[in-house]
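Report on one structure; see the data block that follows.
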Amino acid sequence: MSETERVIIVGAGHGGGAAAATLRQYGFKGAITVIGTEPIPPYQRPPLSKAWLKGEADAASLALRPPAFYEKATITLRLSTTVTAIDIAGKTVTTDAGETLSYDWLILATGARARRLPIPGMELSGVLELRTAADADQLKAALGPGKRLAVVGGGYIGLEAAASATALGSSATVIERETRVLARVASVELSHAYQIAHRKRGVTIELGAQVAALEGADGKITGVRLGDGRLIPCDVALVGVGAVANIELAQQAGIMCDMGISVDLAARTSDPSVFAIGDCTWRPLPHYGRDFRLESVPNALEQARQAAATICGRAPAAPEVPWFWSDQFDLKLQIVGLNFGATHTLVRGDPARESFAVFHLTDDHHLRAVEAVNMPDAFMAGRLLIARGTQLAPAQICDMSVALKDLVA
Amino acid sequence: MPQVTFIEHNGTAHTVDAVIGKSLMEAAVDNSVPGIDADCGGACACATCHVFVTPEWEAKTGDRTEAEIAMLNFAAEVKPNSRLSCQITVTAELDGLVVHMPDGQH
């Protein structure tokens, strides 16, 4: 590692910002340039559908680091700038400003973009997605007492936005194509608990509902037309139907991609000088013996640390068990692990009291995942038990008289 | 502005300015103090901003919530004076606060 080495980070999101900061923390002395399409320095996206939307967080608190940090750490931010091509043979990137910049190490942190629905009316004003701070500003401006929000897609973003809208005095209707919310990302038990919790707090949930079109008047959304002909009237519609990895730059450069940019446990791509981190990657999950694409901040941060460590000649840390969190109303959801290979489901606590955890085990009682609602110790215990590969006694998991602490002792 | 000191596991001390009303974790992150990872950004969801509050400061840093206690119970190297720094709000009274950090947050 020398002072003349140059790192270019493509993408100024959570992962890109963290990679730059971590490189400095690990003692990288060379030049660091972070190139991002958005006009603002790296910020945290999770609050956009939660505290930020409810007006409980300000712009400064969203920032990953205070503005002065980048100057002090001599990290160059090139904002409102998009990388249009990568030349891995010549080790350069080209930007939409027409510049060509050289690198010794390249970190792709290109993230994911909201999936668009192929239905009429997507162009209407008041049809929003929620990915960026600018998106969140638009949504926030459209909500308030008496406003009607229609959410297309019962995933985390949609449910969080519905909860925040309700807190702001708006009414919210969540429209989900599957027969349960969170169908792609959570167990049946968790989906049911969240449907009950949302309905109890005033959110309307339409399940098994196809969206035929978004309808409007004078170019502005007025309602969501369902496949069965019903109209859900609204003042604003949020479309949250998943995200697609931004892999085109890497693909065009000849870097190997699958459902994301393929990386190893050092976040290295098929080109030894190029790393990829965060939502855009297709990565190994060593605890599960397979590759997968994760959309989460912890994943982006773990891979930022892997890339920074490798560039700085450090050994990467032991792989983490993937984890996720979501705040909706007064429900704190923490999930650790993925339920690949799980065949048994055990519930600890009482879903009706909104304090419970769903444990997912294999045939031979190894823990694969825990979904914990207002039960942080179940989450923390799960994290240790999955990492260690401990074999569990199922009866103990459901027995509230057995402390979870004793299961990990 | 109150000044607080974070002492790394290897003894390196970092004295930084802390903003009243923000969390102690934010004071560390804003000033690039190594050893406070704060992966969840202060949602009390990850236990990667674990610190040990010097005993004489424990009363001034406030009480632990049940959720914080539950998270800390499973953190590495937990001690009676363990706190999650995202759950400590900086006040003028905390000027001079000293906290120590564990060997790692993961």
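Simple scheme: letters A, B, ... for chains in structure tokens order, numbers from 1 for residues in each chain, numbers from 1 for ligands in the order shown.
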Define the interface residues of chain B facing chain A as those within 9 Å, counting only C-alpha atoms, and report them as a VMD selection string.
chain B and resid 22 26 29 to 34 39 to 41 43 45 to 47 67 to 75 106
Residues from last step as file, C-alpha atoms, as a PDB file, in the first residue's frame:
```pdb
ATOM      1  CA  LYS B  22     -27.318  13.798  19.673  1.00  0.00           C
ATOM      2  CA  GLU B  26     -22.964   9.852  16.818  1.00  0.00           C
ATOM      3  CA  VAL B  29     -18.981   8.223  14.292  1.00  0.00           C
ATOM      4  CA  ASP B  30     -18.926  11.929  13.368  1.00  0.00           C
ATOM      5  CA  ASN B  31     -15.349  12.116  14.606  1.00  0.00           C
ATOM      6  CA  SER B  32     -14.215   8.824  13.044  1.00  0.00           C
ATOM      7  CA  VAL B  33     -13.412   7.170  16.352  1.00  0.00           C
ATOM      8  CA  PRO B  34     -12.394   3.622  15.422  1.00  0.00           C
ATOM      9  CA  ASP B  39     -24.141  -0.621  11.884  1.00  0.00           C
ATOM     10  CA  CYS B  40     -27.834   0.144  12.426  1.00  0.00           C
ATOM     11  CA  GLY B  41     -27.302   3.888  12.743  1.00  0.00           C
ATOM     12  CA  ALA B  43     -31.934   1.988  16.002  1.00  0.00           C
ATOM     13  CA  ALA B  45     -30.882  -3.118  16.608  1.00  0.00           C
ATOM     14  CA  CYS B  46     -27.298  -4.329  16.373  1.00  0.00           C
ATOM     15  CA  ALA B  47     -25.210  -3.845  19.544  1.00  0.00           C
ATOM     16  CA  ALA B  67     -34.355  -3.552  24.927  1.00  0.00           C
ATOM     17  CA  GLU B  68     -30.849  -2.252  25.523  1.00  0.00           C
ATOM     18  CA  ILE B  69     -30.328  -4.658  28.421  1.00  0.00           C
ATOM     19  CA  ALA B  70     -31.581  -7.552  26.306  1.00  0.00           C
ATOM     20  CA  MET B  71     -29.174  -6.662  23.489  1.00  0.00           C
ATOM     21  CA  LEU B  72     -26.232  -6.147  25.851  1.00  0.00           C
ATOM     22  CA  ASN B  73     -26.813  -9.508  27.547  1.00  0.00           C
ATOM     23  CA  PHE B  74     -25.520 -11.143  24.395  1.00  0.00           C
ATOM     24  CA  ALA B  75     -22.759  -8.689  23.456  1.00  0.00           C
ATOM     25  CA  HIS B 106     -18.660  -8.066  15.886  1.00  0.00           C
TER      26      HIS B 106
END
```
A:Val274: which residues within 10 Å, counting only C-alpha atoms, same-chain residues fewer than 4 positions away excluded, as a VMD selection string?
chain A and resid 7 to 9 88 91 103 to 108 250 255 263 267 to 270 307
For B:Asp103, which residue among B:Val53, B:Ala38, B:Ala76, B:Ala27 is the nearest when counting only C-alpha atoms?
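The closest residue to B:Asp103 is B:Ala76.
Each of B:Ile36, B:Ile88, B:Cys49, B:Met1 was compared to B:Val19 using only C-alpha atoms, and B:Met1 turns out to be the nearest.
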B:Glu93 surroundings by only C-alpha atoms, 12 Å radius, close-in-sequence under 6 positions cut, as a PDB file with C-alpha atoms, in the first residue's frame:
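The result, written out as out.pdb:
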```pdb
ATOM      1  CA  MET B   1     -19.754  21.847  23.396  1.00  0.00           C
ATOM      2  CA  PRO B   2     -19.179  18.941  25.794  1.00  0.00           C
ATOM      3  CA  GLN B   3     -16.037  16.930  25.243  1.00  0.00           C
ATOM      4  CA  VAL B   4     -16.078  13.167  25.646  1.00  0.00           C
ATOM      5  CA  ALA B  18     -20.103  15.939  21.238  1.00  0.00           C
ATOM      6  CA  ILE B  20     -25.897  18.173  22.862  1.00  0.00           C
ATOM      7  CA  GLY B  21     -29.057  16.266  21.986  1.00  0.00           C
ATOM      8  CA  TRP B  57     -20.254   8.623  35.090  1.00  0.00           C
ATOM      9  CA  GLU B  58     -22.827   5.865  35.234  1.00  0.00           C
ATOM     10  CA  ALA B  59     -25.496   7.905  37.032  1.00  0.00           C
ATOM     11  CA  LYS B  60     -25.238  10.807  34.567  1.00  0.00           C
ATOM     12  CA  THR B  61     -25.576   8.643  31.475  1.00  0.00           C
ATOM     13  CA  GLY B  62     -29.101   7.557  32.416  1.00  0.00           C
TER      14      GLY B  62
END
```
For the strand (DSSP E or B) assignment from backbone DSSP, which residues of stretch 126-371 of chain A qualify? Please present them as an mmCIF file with N, CA and C atoms, in the first residue's frame.
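Result written to part-v1.cif:
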```cif
data_model
loop_
_atom_site.group_PDB
_atom_site.id
_atom_site.type_symbol
_atom_site.label_atom_id
_atom_site.label_comp_id
_atom_site.auth_asym_id
_atom_site.auth_seq_id
_atom_site.Cartn_x
_atom_site.Cartn_y
_atom_site.Cartn_z
ATOM 1 N N VAL A 127 -47.246 9.486 -8.250
ATOM 2 C CA VAL A 127 -46.842 8.070 -8.224
ATOM 3 C C VAL A 127 -45.363 8.056 -7.867
ATOM 4 N N LEU A 128 -45.056 7.532 -6.705
ATOM 5 C CA LEU A 128 -43.696 7.654 -6.187
ATOM 6 C C LEU A 128 -43.077 6.300 -5.920
ATOM 7 N N ARG A 148 -54.636 10.441 1.642
ATOM 8 C CA ARG A 148 -54.807 8.995 1.436
ATOM 9 C C ARG A 148 -53.616 8.435 0.649
ATOM 10 N N LEU A 149 -52.922 7.488 1.275
ATOM 11 C CA LEU A 149 -51.772 6.846 0.630
ATOM 12 C C LEU A 149 -52.174 5.455 0.173
ATOM 13 N N ALA A 150 -51.882 5.149 -1.081
ATOM 14 C CA ALA A 150 -52.034 3.774 -1.565
ATOM 15 C C ALA A 150 -50.638 3.215 -1.772
ATOM 16 N N VAL A 151 -50.388 2.052 -1.182
ATOM 17 C CA VAL A 151 -49.084 1.430 -1.315
ATOM 18 C C VAL A 151 -49.232 0.201 -2.198
ATOM 19 N N VAL A 152 -48.517 0.182 -3.295
ATOM 20 C CA VAL A 152 -48.537 -0.997 -4.155
ATOM 21 C C VAL A 152 -47.338 -1.858 -3.770
ATOM 22 N N SER A 171 -54.407 8.202 5.868
ATOM 23 C CA SER A 171 -54.895 6.830 5.811
ATOM 24 C C SER A 171 -54.030 6.078 4.813
ATOM 25 N N ALA A 172 -53.870 4.772 5.029
ATOM 26 C CA ALA A 172 -52.997 3.994 4.146
ATOM 27 C C ALA A 172 -53.670 2.690 3.758
ATOM 28 N N THR A 173 -53.583 2.357 2.476
ATOM 29 C CA THR A 173 -54.057 1.071 1.969
ATOM 30 C C THR A 173 -52.884 0.364 1.297
ATOM 31 N N VAL A 174 -52.594 -0.833 1.768
ATOM 32 C CA VAL A 174 -51.507 -1.613 1.189
ATOM 33 C C VAL A 174 -52.118 -2.661 0.256
ATOM 34 N N ILE A 175 -51.645 -2.672 -0.973
ATOM 35 C CA ILE A 175 -52.181 -3.598 -1.985
ATOM 36 C C ILE A 175 -51.103 -4.625 -2.323
ATOM 37 N N THR A 204 -55.412 -0.358 5.936
ATOM 38 C CA THR A 204 -56.207 -1.308 5.151
ATOM 39 C C THR A 204 -55.248 -2.155 4.325
ATOM 40 N N ILE A 205 -55.448 -3.467 4.344
ATOM 41 C CA ILE A 205 -54.573 -4.342 3.557
ATOM 42 C C ILE A 205 -55.432 -5.156 2.598
ATOM 43 N N GLU A 206 -55.111 -5.068 1.322
ATOM 44 C CA GLU A 206 -55.788 -5.852 0.290
ATOM 45 C C GLU A 206 -54.829 -6.949 -0.150
ATOM 46 N N VAL A 211 -52.921 -5.198 -9.425
ATOM 47 C CA VAL A 211 -53.113 -3.794 -9.797
ATOM 48 C C VAL A 211 -53.198 -3.724 -11.319
ATOM 49 N N ALA A 212 -54.324 -3.220 -11.808
ATOM 50 C CA ALA A 212 -54.522 -3.153 -13.257
ATOM 51 C C ALA A 212 -53.954 -1.856 -13.817
ATOM 52 N N ALA A 213 -54.152 -0.765 -13.085
ATOM 53 C CA ALA A 213 -53.696 0.538 -13.596
ATOM 54 C C ALA A 213 -53.689 1.556 -12.469
ATOM 55 N N LEU A 214 -52.903 2.591 -12.682
ATOM 56 C CA LEU A 214 -52.965 3.753 -11.809
ATOM 57 C C LEU A 214 -53.770 4.787 -12.583
ATOM 58 N N GLU A 215 -54.813 5.325 -11.962
ATOM 59 C CA GLU A 215 -55.688 6.249 -12.686
ATOM 60 C C GLU A 215 -55.510 7.665 -12.173
ATOM 61 N N GLY A 216 -55.718 8.618 -13.046
ATOM 62 C CA GLY A 216 -55.526 10.001 -12.650
ATOM 63 C C GLY A 216 -56.430 10.954 -13.393
ATOM 64 N N ALA A 217 -56.343 12.210 -12.951
ATOM 65 C CA ALA A 217 -57.051 13.288 -13.632
ATOM 66 C C ALA A 217 -56.084 14.463 -13.713
ATOM 67 N N LYS A 220 -52.570 13.813 -12.620
ATOM 68 C CA LYS A 220 -52.262 13.509 -11.219
ATOM 69 C C LYS A 220 -53.032 12.267 -10.764
ATOM 70 N N ILE A 221 -52.389 11.447 -9.954
ATOM 71 C CA ILE A 221 -53.008 10.199 -9.494
ATOM 72 C C ILE A 221 -54.296 10.485 -8.704
ATOM 73 N N THR A 222 -55.313 9.682 -8.967
ATOM 74 C CA THR A 222 -56.542 9.775 -8.165
ATOM 75 C C THR A 222 -56.912 8.432 -7.552
ATOM 76 N N GLY A 223 -56.332 7.341 -8.101
ATOM 77 C CA GLY A 223 -56.676 6.056 -7.515
ATOM 78 C C GLY A 223 -55.942 4.897 -8.168
ATOM 79 N N VAL A 224 -56.006 3.757 -7.478
ATOM 80 C CA VAL A 224 -55.394 2.530 -7.996
ATOM 81 C C VAL A 224 -56.527 1.587 -8.391
ATOM 82 N N ARG A 225 -56.546 1.207 -9.672
ATOM 83 C CA ARG A 225 -57.585 0.302 -10.173
ATOM 84 C C ARG A 225 -57.097 -1.134 -9.994
ATOM 85 N N LEU A 226 -57.880 -1.933 -9.283
ATOM 86 C CA LEU A 226 -57.506 -3.329 -9.059
ATOM 87 C C LEU A 226 -58.021 -4.210 -10.197
ATOM 88 N N LEU A 231 -61.804 0.392 -7.306
ATOM 89 C CA LEU A 231 -60.864 1.520 -7.325
ATOM 90 C C LEU A 231 -60.503 1.868 -5.875
ATOM 91 N N ILE A 232 -59.200 1.970 -5.596
ATOM 92 C CA ILE A 232 -58.754 2.445 -4.278
ATOM 93 C C ILE A 232 -58.391 3.915 -4.467
ATOM 94 N N PRO A 233 -59.244 4.845 -4.029
ATOM 95 C CA PRO A 233 -58.937 6.266 -4.244
ATOM 96 C C PRO A 233 -57.732 6.689 -3.394
ATOM 97 N N VAL A 236 -51.859 9.969 -3.157
ATOM 98 C CA VAL A 236 -50.480 9.636 -3.522
ATOM 99 C C VAL A 236 -50.348 8.114 -3.513
ATOM 100 N N ALA A 237 -49.562 7.593 -4.454
ATOM 101 C CA ALA A 237 -49.341 6.144 -4.517
ATOM 102 C C ALA A 237 -47.847 5.857 -4.433
ATOM 103 N N LEU A 238 -47.493 4.928 -3.567
ATOM 104 C CA LEU A 238 -46.101 4.503 -3.448
ATOM 105 C C LEU A 238 -45.984 3.106 -4.031
ATOM 106 N N VAL A 239 -45.093 2.964 -4.994
ATOM 107 C CA VAL A 239 -44.885 1.647 -5.595
ATOM 108 C C VAL A 239 -43.607 1.041 -4.994
ATOM 109 N N ALA A 243 -36.557 -4.513 -5.759
ATOM 110 C CA ALA A 243 -35.460 -3.757 -6.353
ATOM 111 C C ALA A 243 -34.649 -4.652 -7.279
ATOM 112 N N VAL A 244 -34.015 -4.006 -8.231
ATOM 113 C CA VAL A 244 -33.197 -4.701 -9.229
ATOM 114 C C VAL A 244 -31.764 -4.213 -9.053
ATOM 115 N N ALA A 245 -30.806 -5.137 -9.008
ATOM 116 C CA ALA A 245 -29.398 -4.753 -8.822
ATOM 117 C C ALA A 245 -28.883 -3.973 -10.021
ATOM 118 N N CYS A 257 -21.182 -11.578 -13.664
ATOM 119 C CA CYS A 257 -22.389 -11.261 -12.904
ATOM 120 C C CYS A 257 -23.348 -12.447 -12.905
ATOM 121 N N ILE A 261 -23.523 -8.583 -9.068
ATOM 122 C CA ILE A 261 -22.117 -8.700 -9.449
ATOM 123 C C ILE A 261 -21.498 -9.790 -8.565
ATOM 124 N N SER A 262 -20.946 -10.817 -9.177
ATOM 125 C CA SER A 262 -20.429 -11.951 -8.405
ATOM 126 C C SER A 262 -19.171 -11.556 -7.636
ATOM 127 N N ARG A 268 -14.298 -9.380 -3.677
ATOM 128 C CA ARG A 268 -13.587 -9.264 -4.946
ATOM 129 C C ARG A 268 -14.423 -9.828 -6.090
ATOM 130 N N VAL A 274 -10.954 -5.171 -8.938
ATOM 131 C CA VAL A 274 -12.305 -4.603 -8.811
ATOM 132 C C VAL A 274 -13.086 -5.327 -7.712
ATOM 133 N N PHE A 275 -13.637 -4.550 -6.792
ATOM 134 C CA PHE A 275 -14.489 -5.077 -5.727
ATOM 135 C C PHE A 275 -15.922 -4.634 -5.988
ATOM 136 N N ALA A 276 -16.857 -5.322 -5.377
ATOM 137 C CA ALA A 276 -18.241 -4.861 -5.417
ATOM 138 C C ALA A 276 -18.848 -5.115 -4.046
ATOM 139 N N THR A 281 -24.476 -6.842 -5.217
ATOM 140 C CA THR A 281 -23.633 -8.039 -5.314
ATOM 141 C C THR A 281 -24.405 -9.351 -5.203
ATOM 142 N N TRP A 282 -23.813 -10.357 -5.803
ATOM 143 C CA TRP A 282 -24.250 -11.749 -5.687
ATOM 144 C C TRP A 282 -23.124 -12.416 -4.915
ATOM 145 N N ARG A 283 -23.400 -12.734 -3.650
ATOM 146 C CA ARG A 283 -22.297 -13.050 -2.728
ATOM 147 C C ARG A 283 -22.442 -14.411 -2.060
ATOM 148 N N PRO A 284 -21.326 -14.971 -1.618
ATOM 149 C CA PRO A 284 -21.419 -16.249 -0.908
ATOM 150 C C PRO A 284 -22.045 -16.034 0.476
ATOM 151 N N LEU A 285 -22.831 -17.013 0.886
ATOM 152 C CA LEU A 285 -23.350 -17.040 2.257
ATOM 153 C C LEU A 285 -22.754 -18.287 2.911
ATOM 154 N N ARG A 290 -24.364 -21.369 -0.059
ATOM 155 C CA ARG A 290 -24.897 -20.945 -1.351
ATOM 156 C C ARG A 290 -24.624 -19.461 -1.571
ATOM 157 N N ASP A 291 -24.898 -18.995 -2.779
ATOM 158 C CA ASP A 291 -24.756 -17.570 -3.086
ATOM 159 C C ASP A 291 -26.139 -16.927 -3.101
ATOM 160 N N PHE A 292 -26.170 -15.624 -2.857
ATOM 161 C CA PHE A 292 -27.447 -14.938 -2.751
ATOM 162 C C PHE A 292 -27.210 -13.438 -2.900
ATOM 163 N N TRP A 323 -28.241 -10.151 8.697
ATOM 164 C CA TRP A 323 -29.335 -9.715 9.571
ATOM 165 C C TRP A 323 -29.990 -8.456 9.032
ATOM 166 N N PHE A 324 -31.193 -8.200 9.515
ATOM 167 C CA PHE A 324 -32.059 -7.151 8.973
ATOM 168 C C PHE A 324 -32.867 -6.561 10.119
ATOM 169 N N TRP A 325 -33.324 -5.345 9.950
ATOM 170 C CA TRP A 325 -34.258 -4.829 10.937
ATOM 171 C C TRP A 325 -35.313 -3.969 10.250
ATOM 172 N N SER A 326 -36.450 -3.816 10.909
ATOM 173 C CA SER A 326 -37.515 -2.972 10.383
ATOM 174 C C SER A 326 -38.313 -2.418 11.562
ATOM 175 N N ASP A 327 -38.549 -1.107 11.551
ATOM 176 C CA ASP A 327 -39.366 -0.483 12.600
ATOM 177 C C ASP A 327 -40.693 -0.063 11.993
ATOM 178 N N GLN A 328 -41.784 -0.597 12.533
ATOM 179 C CA GLN A 328 -43.133 -0.221 12.089
ATOM 180 C C GLN A 328 -43.979 -0.015 13.335
ATOM 181 N N LEU A 331 -43.480 -1.713 16.729
ATOM 182 C CA LEU A 331 -42.962 -3.064 16.540
ATOM 183 C C LEU A 331 -41.515 -2.994 16.056
ATOM 184 N N LYS A 332 -40.634 -3.567 16.846
ATOM 185 C CA LYS A 332 -39.233 -3.625 16.431
ATOM 186 C C LYS A 332 -38.941 -5.032 15.941
ATOM 187 N N LEU A 333 -38.762 -5.132 14.642
ATOM 188 C CA LEU A 333 -38.475 -6.432 14.022
ATOM 189 C C LEU A 333 -36.978 -6.551 13.777
ATOM 190 N N GLN A 334 -36.419 -7.631 14.261
ATOM 191 C CA GLN A 334 -35.017 -7.931 13.983
ATOM 192 C C GLN A 334 -34.962 -9.360 13.462
ATOM 193 N N ILE A 335 -34.335 -9.536 12.317
ATOM 194 C CA ILE A 335 -34.238 -10.863 11.721
ATOM 195 C C ILE A 335 -32.768 -11.228 11.594
ATOM 196 N N VAL A 336 -32.433 -12.442 11.990
ATOM 197 C CA VAL A 336 -31.073 -12.911 11.745
ATOM 198 C C VAL A 336 -31.151 -14.232 10.995
ATOM 199 N N GLY A 337 -30.323 -14.345 9.982
ATOM 200 C CA GLY A 337 -30.267 -15.570 9.195
ATOM 201 C C GLY A 337 -31.291 -15.578 8.075
ATOM 202 N N HIS A 344 -38.536 -26.777 10.147
ATOM 203 C CA HIS A 344 -39.339 -26.683 11.363
ATOM 204 C C HIS A 344 -39.495 -25.218 11.756
ATOM 205 N N THR A 345 -40.670 -24.874 12.224
ATOM 206 C CA THR A 345 -40.917 -23.522 12.707
ATOM 207 C C THR A 345 -41.402 -23.593 14.145
ATOM 208 N N LEU A 346 -40.772 -22.836 15.011
ATOM 209 C CA LEU A 346 -41.169 -22.807 16.420
ATOM 210 C C LEU A 346 -41.385 -21.364 16.834
ATOM 211 N N VAL A 347 -42.453 -21.123 17.587
ATOM 212 C CA VAL A 347 -42.735 -19.761 18.016
ATOM 213 C C VAL A 347 -42.492 -19.648 19.519
ATOM 214 N N ARG A 348 -41.703 -18.661 19.893
ATOM 215 C CA ARG A 348 -41.468 -18.367 21.302
ATOM 216 C C ARG A 348 -42.231 -17.087 21.624
ATOM 217 N N GLY A 349 -42.925 -17.057 22.754
ATOM 218 C CA GLY A 349 -43.680 -15.855 23.104
ATOM 219 C C GLY A 349 -45.051 -15.878 22.452
ATOM 220 N N ASP A 350 -45.727 -14.730 22.489
ATOM 221 C CA ASP A 350 -47.123 -14.686 22.076
ATOM 222 C C ASP A 350 -47.337 -13.620 20.997
ATOM 223 N N SER A 355 -45.020 -9.644 21.142
ATOM 224 C CA SER A 355 -43.662 -9.899 21.618
ATOM 225 C C SER A 355 -43.415 -11.387 21.425
ATOM 226 N N PHE A 356 -42.732 -11.704 20.346
ATOM 227 C CA PHE A 356 -42.534 -13.117 20.012
ATOM 228 C C PHE A 356 -41.385 -13.264 19.025
ATOM 229 N N ALA A 357 -40.963 -14.513 18.843
ATOM 230 C CA ALA A 357 -39.917 -14.780 17.861
ATOM 231 C C ALA A 357 -40.227 -16.095 17.169
ATOM 232 N N VAL A 358 -39.963 -16.111 15.856
ATOM 233 C CA VAL A 358 -40.160 -17.328 15.072
ATOM 234 C C VAL A 358 -38.778 -17.916 14.788
ATOM 235 N N PHE A 359 -38.567 -19.126 15.288
ATOM 236 C CA PHE A 359 -37.287 -19.818 15.080
ATOM 237 C C PHE A 359 -37.456 -20.808 13.927
ATOM 238 N N HIS A 360 -36.506 -20.809 13.010
ATOM 239 C CA HIS A 360 -36.548 -21.722 11.860
ATOM 240 C C HIS A 360 -35.386 -22.693 11.961
ATOM 241 N N LEU A 361 -35.710 -23.985 12.035
ATOM 242 C CA LEU A 361 -34.694 -25.014 12.242
ATOM 243 C C LEU A 361 -34.683 -26.028 11.102
ATOM 244 N N HIS A 366 -30.721 -27.681 13.683
ATOM 245 C CA HIS A 366 -29.784 -26.557 13.610
ATOM 246 C C HIS A 366 -30.575 -25.313 13.236
ATOM 247 N N LEU A 367 -30.229 -24.206 13.882
ATOM 248 C CA LEU A 367 -30.971 -22.967 13.663
ATOM 249 C C LEU A 367 -30.545 -22.312 12.351
ATOM 250 N N ARG A 368 -31.516 -21.898 11.536
ATOM 251 C CA ARG A 368 -31.236 -21.215 10.273
ATOM 252 C C ARG A 368 -31.581 -19.725 10.336
ATOM 253 N N ALA A 369 -32.673 -19.397 11.031
ATOM 254 C CA ALA A 369 -33.100 -17.993 11.076
ATOM 255 C C ALA A 369 -33.986 -17.757 12.296
ATOM 256 N N VAL A 370 -33.977 -16.507 12.762
ATOM 257 C CA VAL A 370 -34.896 -16.087 13.818
ATOM 258 C C VAL A 370 -35.512 -14.759 13.392
ATOM 259 N N GLU A 371 -36.824 -14.690 13.460
ATOM 260 C CA GLU A 371 -37.528 -13.425 13.217
ATOM 261 C C GLU A 371 -38.080 -12.984 14.563
#
```
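From atom CA of A:Cys312 back to atom CA of A:Leu249, the distance works out to 25.2 Å.
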Any chance you could list, as a list in words, the residues in stretch 187-271 of chain A that come up alpha helix (DSSP H) when DSSP is run on the backbone?
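So, restricting stretch 187-271 of chain A to alpha helix (DSSP H), we get Val188, Glu189, Leu190, Ser191, His192, Ala193, Tyr194, Gln195, Ile196, Ala197, His198, Arg199, Lys200, Glu248, Leu249, Ala250, Gln251, Gln252 and Ala253 of chain A.
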Minimum-distance residue to B:Arg64, chosen among B:Thr5, B:Gln105, B:Ser85, B:Asn10 (using only C-alpha atoms):
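When distances to B:Arg64 are compared using only C-alpha atoms, the smallest one comes from B:Ser85.
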Atom pair atom CA of A:Lys29 / atom CA of A:Glu3: separation (Å):
5.0 Å
I'd like the contact shell of B:Cys86 - 6 Å cut-off, only C-alpha atoms, skipping same-chain residues fewer than 4 positions apart - returned as a VMD selection string.
chain B and resid 23 to 25 42
Selection from above, N, CA and C atoms, as a short mmCIF file (atom, residue, chain, number, x, y, z; two decimals), in the first residue's frame, can you write it?
```
data_model
loop_
_atom_site.label_atom_id
_atom_site.label_comp_id
_atom_site.auth_asym_id
_atom_site.auth_seq_id
_atom_site.Cartn_x
_atom_site.Cartn_y
_atom_site.Cartn_z
N SER B 23 -26.65 11.49 20.00
CA SER B 23 -26.24 10.37 20.84
C SER B 23 -24.72 10.33 20.97
N LEU B 24 -24.29 9.63 22.00
CA LEU B 24 -22.84 9.44 22.20
C LEU B 24 -22.25 8.68 21.01
N MET B 25 -23.01 7.72 20.48
CA MET B 25 -22.55 6.98 19.29
C MET B 25 -22.26 7.93 18.14
N GLY B 42 -28.19 3.64 14.99
CA GLY B 42 -28.81 4.16 16.21
C GLY B 42 -30.20 3.63 16.49
#
```
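The interatomic distance for the pair atom CA of A:Ala372 and atom CA of A:Pro286 works out to 22.5 Å.
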